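S.K.: my_file29.pdb (PDB, C-alpha atoms) pasted underneath:
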```
MODEL        1
ATOM      1  CA  MET A   1       1.680   5.965  -8.776
ATOM      2  CA  THR A   2       3.933   4.537  -6.151
ATOM      3  CA  ALA A   3       5.856   1.465  -5.114
ATOM      4  CA  ILE A   4       3.963  -0.799  -2.737
ATOM      5  CA  ASN A   5       5.395  -4.231  -2.056
ATOM      6  CA  VAL A   6       3.740  -6.567   0.455
ATOM      7  CA  PHE A   7       5.276  -9.772   1.797
ATOM      8  CA  CYS A   8       3.302 -12.134   4.019
ATOM      9  CA  ASP A   9       5.977 -13.937   6.002
ATOM     10  CA  SER A  10       5.282 -16.528   8.694
ATOM     11  CA  ASP A  11       5.926 -14.099  11.571
ATOM     12  CA  ALA A  12       4.713 -10.796  10.103
ATOM     13  CA  VAL A  13       3.435  -8.971   7.058
ATOM     14  CA  ARG A  14       5.932  -6.423   5.761
ATOM     15  CA  VAL A  15       4.983  -3.522   3.509
ATOM     16  CA  TYR A  16       7.743  -1.631   1.684
ATOM     17  CA  SER A  17       6.739   1.668   0.086
ATOM     18  CA  ASP A  18       8.212   4.942  -1.069
ATOM     19  CA  THR A  19       7.075   8.404   0.056
ATOM     20  CA  LEU A  20       7.091  10.416  -3.185
ATOM     21  CA  VAL A  21       3.904  12.175  -4.291
ATOM     22  CA  VAL A  22       3.968  13.345  -7.904
ATOM     23  CA  ASP A  23       1.808  16.141  -9.330
ATOM     24  CA  PRO A  24      -0.666  14.328 -11.632
ATOM     25  CA  SER A  25      -0.567  17.218 -14.109
ATOM     26  CA  GLY A  26       3.112  16.494 -14.771
ATOM     27  CA  GLY A  27       4.582  19.134 -12.472
ATOM     28  CA  GLY A  28       7.127  16.812 -10.859
ATOM     29  CA  ALA A  29       7.658  15.861  -7.245
ATOM     30  CA  GLU A  30       5.038  17.497  -5.054
ATOM     31  CA  ALA A  31       5.517  16.107  -1.546
ATOM     32  CA  HIS A  32       6.700  13.237   0.590
ATOM     33  CA  ILE A  33       4.087  11.331   2.578
ATOM     34  CA  HIS A  34       3.883   7.958   4.277
ATOM     35  CA  LYS A  35       1.455   5.980   2.096
ATOM     36  CA  VAL A  36       0.880   3.179   4.596
ATOM     37  CA  ILE A  37      -1.865   3.956   7.103
ATOM     38  CA  PRO A  38      -1.865   2.164  10.471
ATOM     39  CA  LEU A  39      -5.233   0.737  11.480
ATOM     40  CA  PRO A  40      -4.425  -0.379  15.046
ATOM     41  CA  GLN A  41      -8.039  -1.276  15.840
ATOM     42  CA  LEU A  42      -7.747  -3.972  13.125
ATOM     43  CA  ASN A  43      -4.076  -4.855  13.734
ATOM     44  CA  ALA A  44      -3.566  -4.005  10.090
ATOM     45  CA  VAL A  45      -2.336  -1.356   7.696
ATOM     46  CA  ALA A  46      -3.784   0.038   4.496
ATOM     47  CA  ALA A  47      -1.519   1.204   1.677
ATOM     48  CA  VAL A  48      -2.848   3.462  -1.048
ATOM     49  CA  SER A  49      -1.728   4.019  -4.620
ATOM     50  CA  GLY A  50      -3.238   6.507  -6.996
ATOM     51  CA  SER A  51      -5.082   9.434  -5.467
ATOM     52  CA  VAL A  52      -3.092  10.952  -2.623
ATOM     53  CA  LEU A  53      -6.396  12.322  -1.304
ATOM     54  CA  ALA A  54      -7.485   8.767  -0.546
ATOM     55  CA  ILE A  55      -4.848   8.610   2.186
ATOM     56  CA  SER A  56      -6.914  11.049   4.240
ATOM     57  CA  VAL A  57     -10.215   9.220   3.629
ATOM     58  CA  VAL A  58      -9.187   5.569   4.066
ATOM     59  CA  PRO A  59      -8.847   5.594   7.894
ATOM     60  CA  ALA A  60     -12.350   7.036   8.251
ATOM     61  CA  VAL A  61     -13.817   4.418   5.909
ATOM     62  CA  PHE A  62     -12.399   1.580   8.008
ATOM     63  CA  THR A  63     -13.363   3.265  11.297
ATOM     64  CA  VAL A  64     -16.867   4.384  10.328
ATOM     65  CA  GLY A  65     -17.463   1.065   8.549
ATOM     66  CA  GLY A  66     -17.779  -0.555  11.967
ATOM     67  CA  TYR A  67     -15.177  -3.240  11.293
ATOM     68  CA  ARG A  68     -14.104  -4.960  14.483
ATOM     69  CA  THR A  69     -11.545  -7.315  12.932
ATOM     70  CA  PHE A  70      -9.075  -7.442  10.082
ATOM     71  CA  ASP A  71     -11.028 -10.371   8.637
ATOM     72  CA  ALA A  72     -14.281  -8.376   8.463
ATOM     73  CA  ALA A  73     -12.523  -5.438   6.786
ATOM     74  CA  ALA A  74     -10.762  -7.772   4.339
ATOM     75  CA  ARG A  75     -14.069  -9.386   3.311
ATOM     76  CA  ASP A  76     -15.515  -5.940   2.553
ATOM     77  CA  LEU A  77     -12.402  -4.316   1.022
ATOM     78  CA  GLY A  78     -13.818  -3.850  -2.492
ATOM     79  CA  ALA A  79     -16.935  -2.121  -1.152
ATOM     80  CA  ALA A  80     -14.776   0.025   1.165
ATOM     81  CA  VAL A  81     -12.645   1.181  -1.787
ATOM     82  CA  ASP A  82     -15.800   2.031  -3.710
ATOM     83  CA  ARG A  83     -16.956   4.128  -0.713
ATOM     84  CA  VAL A  84     -13.606   5.978  -0.697
ATOM     85  CA  ARG A  85     -13.990   6.765  -4.393
ATOM     86  CA  ARG A  86     -17.577   7.995  -3.838
ATOM     87  CA  GLN A  87     -16.511  10.234  -0.947
ATOM     88  CA  LEU A  88     -13.755  11.781  -3.044
ATOM     89  CA  ARG A  89     -16.126  12.408  -5.951
ATOM     90  CA  GLN A  90     -18.734  13.943  -3.611
ATOM     91  CA  SER A  91     -16.089  16.378  -2.374
ATOM     92  CA  GLY A  92     -15.508  17.478  -5.977
ATOM     93  CA  GLN A  93     -12.255  15.583  -6.536
ATOM     94  CA  VAL A  94     -11.296  13.954  -9.808
ATOM     95  CA  VAL A  95     -10.753  10.293  -8.980
ATOM     96  CA  GLY A  96      -8.387   8.345 -11.209
ATOM     97  CA  ASP A  97      -6.954   4.860 -10.861
ATOM     98  CA  MET A  98      -6.663   3.690  -7.277
ATOM     99  CA  GLY A  99      -5.404   0.690  -5.384
ATOM    100  CA  VAL A 100      -5.922  -0.063  -1.709
ATOM    101  CA  PHE A 101      -3.952  -2.824  -0.027
ATOM    102  CA  LEU A 102      -5.062  -4.138   3.363
ATOM    103  CA  ALA A 103      -2.416  -6.170   5.165
ATOM    104  CA  GLY A 104      -2.556  -7.562   8.659
ATOM    105  CA  TRP A 105      -2.959 -10.459  11.021
ATOM    106  CA  SER A 106      -5.967 -12.688  10.361
ATOM    107  CA  GLU A 107      -7.431 -14.233  13.484
ATOM    108  CA  ALA A 108      -9.514 -16.541  11.268
ATOM    109  CA  SER A 109      -6.532 -18.071   9.467
ATOM    110  CA  GLY A 110      -3.966 -17.519  12.254
ATOM    111  CA  ARG A 111      -1.498 -15.920   9.842
ATOM    112  CA  THR A 112      -0.717 -12.762   7.933
ATOM    113  CA  GLU A 113      -2.724 -11.852   4.841
ATOM    114  CA  CYS A 114      -2.791  -9.181   2.156
ATOM    115  CA  HIS A 115      -5.979  -8.262   0.329
ATOM    116  CA  TYR A 116      -6.136  -5.637  -2.380
ATOM    117  CA  ALA A 117      -8.682  -3.862  -4.518
ATOM    118  CA  ILE A 118      -7.732  -2.078  -7.731
ATOM    119  CA  ARG A 119     -10.057   0.344  -9.491
ATOM    120  CA  THR A 120      -9.308   1.821 -12.922
ATOM    121  CA  ALA A 121     -11.429   3.429 -15.615
ATOM    122  CA  LYS A 122     -11.530   0.074 -17.424
ATOM    123  CA  ASP A 123     -11.415  -2.561 -14.700
ATOM    124  CA  SER A 124     -12.121  -3.534 -11.119
ATOM    125  CA  SER A 125     -10.376  -6.371  -9.354
ATOM    126  CA  ASP A 126     -10.298  -7.694  -5.808
ATOM    127  CA  ALA A 127      -7.772 -10.339  -4.806
ATOM    128  CA  MET A 128      -5.364 -11.533  -2.153
ATOM    129  CA  GLY A 129      -1.782 -12.767  -2.250
ATOM    130  CA  ASP A 130       1.223 -13.647  -0.124
ATOM    131  CA  VAL A 131       3.546 -11.501  -2.267
ATOM    132  CA  VAL A 132       2.184  -8.408  -3.991
ATOM    133  CA  THR A 133       4.486  -6.064  -5.901
ATOM    134  CA  MET A 134       3.523  -2.812  -7.553
ATOM    135  CA  PRO A 135       4.639  -1.838 -10.044
ATOM    136  CA  GLN A 136       4.917  -5.459 -11.095
ATOM    137  CA  MET A 137       8.358  -6.615 -12.123
ATOM    138  CA  PRO A 138       9.609 -10.052 -13.106
ATOM    139  CA  VAL A 139      11.416 -11.407 -10.068
ATOM    140  CA  ALA A 140      12.028 -14.860  -8.613
ATOM    141  CA  LEU A 141      10.705 -15.417  -5.084
ATOM    142  CA  ALA A 142      14.168 -16.512  -3.971
ATOM    143  CA  GLU A 143      15.484 -13.058  -4.943
ATOM    144  CA  ILE A 144      13.092 -11.298  -2.557
ATOM    145  CA  ALA A 145      13.138 -13.773   0.324
ATOM    146  CA  ASP A 146      15.112 -11.419   2.578
ATOM    147  CA  GLU A 147      15.237  -7.705   3.291
ATOM    148  CA  ALA A 148      18.254  -7.055   1.060
ATOM    149  CA  GLY A 149      16.386  -8.561  -1.893
ATOM    150  CA  ARG A 150      13.292  -6.506  -1.120
ATOM    151  CA  VAL A 151      15.319  -3.289  -1.023
ATOM    152  CA  ARG A 152      16.878  -4.253  -4.375
ATOM    153  CA  LEU A 153      13.370  -4.797  -5.767
ATOM    154  CA  ILE A 154      12.343  -1.236  -4.877
ATOM    155  CA  ASP A 155      15.633   0.116  -6.231
ATOM    156  CA  ASN A 156      14.858  -1.715  -9.490
ATOM    157  CA  GLN A 157      11.301  -0.353  -9.530
ATOM    158  CA  ARG A 158      12.752   3.126  -9.007
ATOM    159  CA  ALA A 159      15.296   2.693 -11.817
ATOM    160  CA  SER A 160      12.797   1.253 -14.300
ATOM    161  CA  ASN A 161      10.277   4.118 -14.118
ATOM    162  CA  SER A 162       7.863   1.654 -15.754
ATOM    163  CA  SER A 163       4.552   3.045 -16.941
ATOM    164  CA  GLY A 164       5.523   6.494 -15.691
ATOM    165  CA  VAL A 165       5.748   5.283 -12.087
ATOM    166  CA  GLN A 166       8.084   7.471 -10.081
ATOM    167  CA  VAL A 167       9.555   6.024  -6.913
ATOM    168  CA  GLY A 168      11.443   8.279  -4.523
ATOM    169  CA  GLY A 169      11.713  10.149  -1.263
ATOM    170  CA  ALA A 170      12.291   7.437   1.312
ATOM    171  CA  LEU A 171      11.905   3.678   1.492
ATOM    172  CA  VAL A 172       9.672   2.896   4.465
ATOM    173  CA  LYS A 173       9.069  -0.563   5.907
ATOM    174  CA  THR A 174       5.907  -1.130   7.931
ATOM    175  CA  THR A 175       5.586  -4.401   9.834
ATOM    176  CA  VAL A 176       2.431  -5.963  11.284
ATOM    177  CA  THR A 177       2.774  -8.859  13.726
ATOM    178  CA  ARG A 178       0.210 -10.558  15.893
ATOM    179  CA  SER A 179       1.137  -8.073  18.662
ATOM    180  CA  GLY A 180       1.279  -4.760  16.786
ATOM    181  CA  ILE A 181       2.490  -2.393  14.059
ATOM    182  CA  GLY A 182       5.932  -0.821  13.571
ATOM    183  CA  THR A 183       7.475   1.488  10.975
ATOM    184  CA  CYS A 184      11.047   2.403  10.067
ATOM    185  CA  VAL A 185      12.862   4.227   7.281
ATOM    186  CA  LEU A 186      15.346   1.939   5.510
ATOM    187  CA  LYS A 187      16.704   4.363   2.939
ATOM    188  CA  ARG A 188      16.415   7.927   1.685
ATOM    189  CA  TRP A 189      16.885   9.009  -1.921
ATOM    190  CA  LEU A 190      18.260  12.535  -1.701
ATOM    191  CA  ASP A 191      17.812  13.305  -5.416
ATOM    192  CA  THR A 192      14.026  13.733  -5.198
ATOM    193  CA  ALA A 193      13.545  17.489  -4.877
ATOM    194  CA  ILE A 194      10.112  18.911  -4.122
ATOM    195  CA  ALA A 195       8.866  21.545  -6.557
ATOM    196  CA  ALA A 196       8.361  24.940  -4.944
TER
ENDMDL
END
```
Would you kindly transcribe this structure into structure tokens?

M.R.:
Amino acid sequence: MTAINVFCDSDAVRVYSDTLVVDPSGGGAEAHIHKVIPLPQLNAVAAVSGSVLAISVVPAVFTVGGYRTFDAAARDLGAAVDRVRRQLRQSGQVVGDMGVFLAGWSEASGRTECHYAIRTAKDSSDAMGDVVTMPQMPVALAEIADEAGRVRLIDNQRASNSSGVQVGGALVKTTVTRSGIGTCVLKRWLDTAIAA
């Protein structure tokens, strides 16, 4: 699992995520990878939790799917996630729980939006929200209204290690505005060693 926190502000959607990839068999830190995938043709980004292999498949799903706008991709997000899971299974991969978050600028609504699809062994859910935090933690909106509060949120997610979620590597902020996509590293946690 990973930390993915999405905030739909009036001027941009901001996605805060870590870069740590953990060996699912319990072998510890495996790699660092940016988990937010730019989709410039949609003026959007996709963030992936769960299978690290999905990171390589998601861009193709949104490109091959023929989506011309963020709004079209958002409407079809659940089906797109199901296609990703099928592609991984067809390649012989074991596919566990997975979440895909699609955040970008909606031309239909004239504002930023975040849509997400979660697939587990027991449940499927598709939804949208202006503030999406994963792992979920009790927090007042006023506490995460600015960047300092959002960094504290991820620090708290990292410290809690809730449900076995490990947060580490670097804290990366990806921003989508009406005019484009930008990424920057806000913080590095130097205590996350990669297993050799």

S.K.: Which residues match the PyMOL selection byres ((chain A and resi 182-190) around 6) in the file above, as a PyMOL selection string?

M.R.: chain A and resi 169-175+181+191-192

S.K.: Under the PyMOL selection byres ((chain A and resi 4) around 12), which residues of this model are included? Write them out as a PyMOL selection string.

M.R.: chain A and resi 1-3+5-7+14-20+34-36+46-50+99-103+114+116+131-137+150-151+153-154+157-158+165-168+171-174

S.K.: Using all atoms of range 171-187 of chain A that appear in the file, construct an axis-aligned enclosing box with 4 Å of padding on every side and provide its centre coordinates and edge lengths in Å, rounded to one decimal, as JSON.

M.R.:
```
{"center_x": 8.5, "center_y": -3.1, "center_z": 10.1, "size_x": 24.5, "size_y": 22.9, "size_z": 25.2}
```

S.K.: Report, in Å with one decimal, the straight-line distance from CA of Val84 in chain A to CA of Ile37 in chain A.

M.R.: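 Separation of CA of Val84 in chain A and CA of Ile37 in chain A: 14.2 Å.
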
S.K.: Work out how far CA of Asp11 in chain A is from CA of Val176 in chain A, in Å to one decimal.

M.R.: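 It comes out at 8.9 Å.
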
S.K.: Which residue out of A:Gly104, A:His115, A:Pro59, A:Pro138 has the minimum interatomic distance to Asp9 in chain A when only C-alpha atoms are used?

M.R.: A:Gly104

S.K.: Between CA of Ile144 in chain A and CA of Ser10 in chain A, measure the distance and give it in Å to one decimal.

M.R.: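 Result for CA of Ile144 in chain A versus CA of Ser10 in chain A: 14.7 Å, one decimal.
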
S.K.: List as a list in words the protein and nucleic acid residues near Ala108 in chain A, meaning an atom at most 7 Å away when all atoms listed in the file are counted, but skip any in the same chain fewer than 2 places from it.

M.R.: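 The residues that qualify are Asp71, Ser106 and Gly110 of chain A.
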
S.K.: Skipping near chain neighbours, those fewer than 4 positions away, what residues fall within 12 Å of Asp76 in chain A using all atoms listed in the file, listed as a ChimeraX atom specification?

M.R.: /A:61-62,65-67,69-72,80-83,102,115-117,126-127

S.K.: Which residue is closest to Ser56 in chain A? Choose from A:Arg85, A:Arg178, A:Lys122, A:Arg111 and count all atoms listed in the file.

M.R.: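 Counting all atoms listed in the file, the residue closest to Ser56 in chain A is A:Arg85.
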
S.K.: Taking all atoms listed in the file into account, which of A:Asp155, A:Ala79, A:Ala140, A:Ala145 comes nearest Arg119 in chain A?

M.R.: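 Nearest candidate to Arg119 in chain A out of A:Asp155, A:Ala79, A:Ala140, A:Ala145: A:Ala79.
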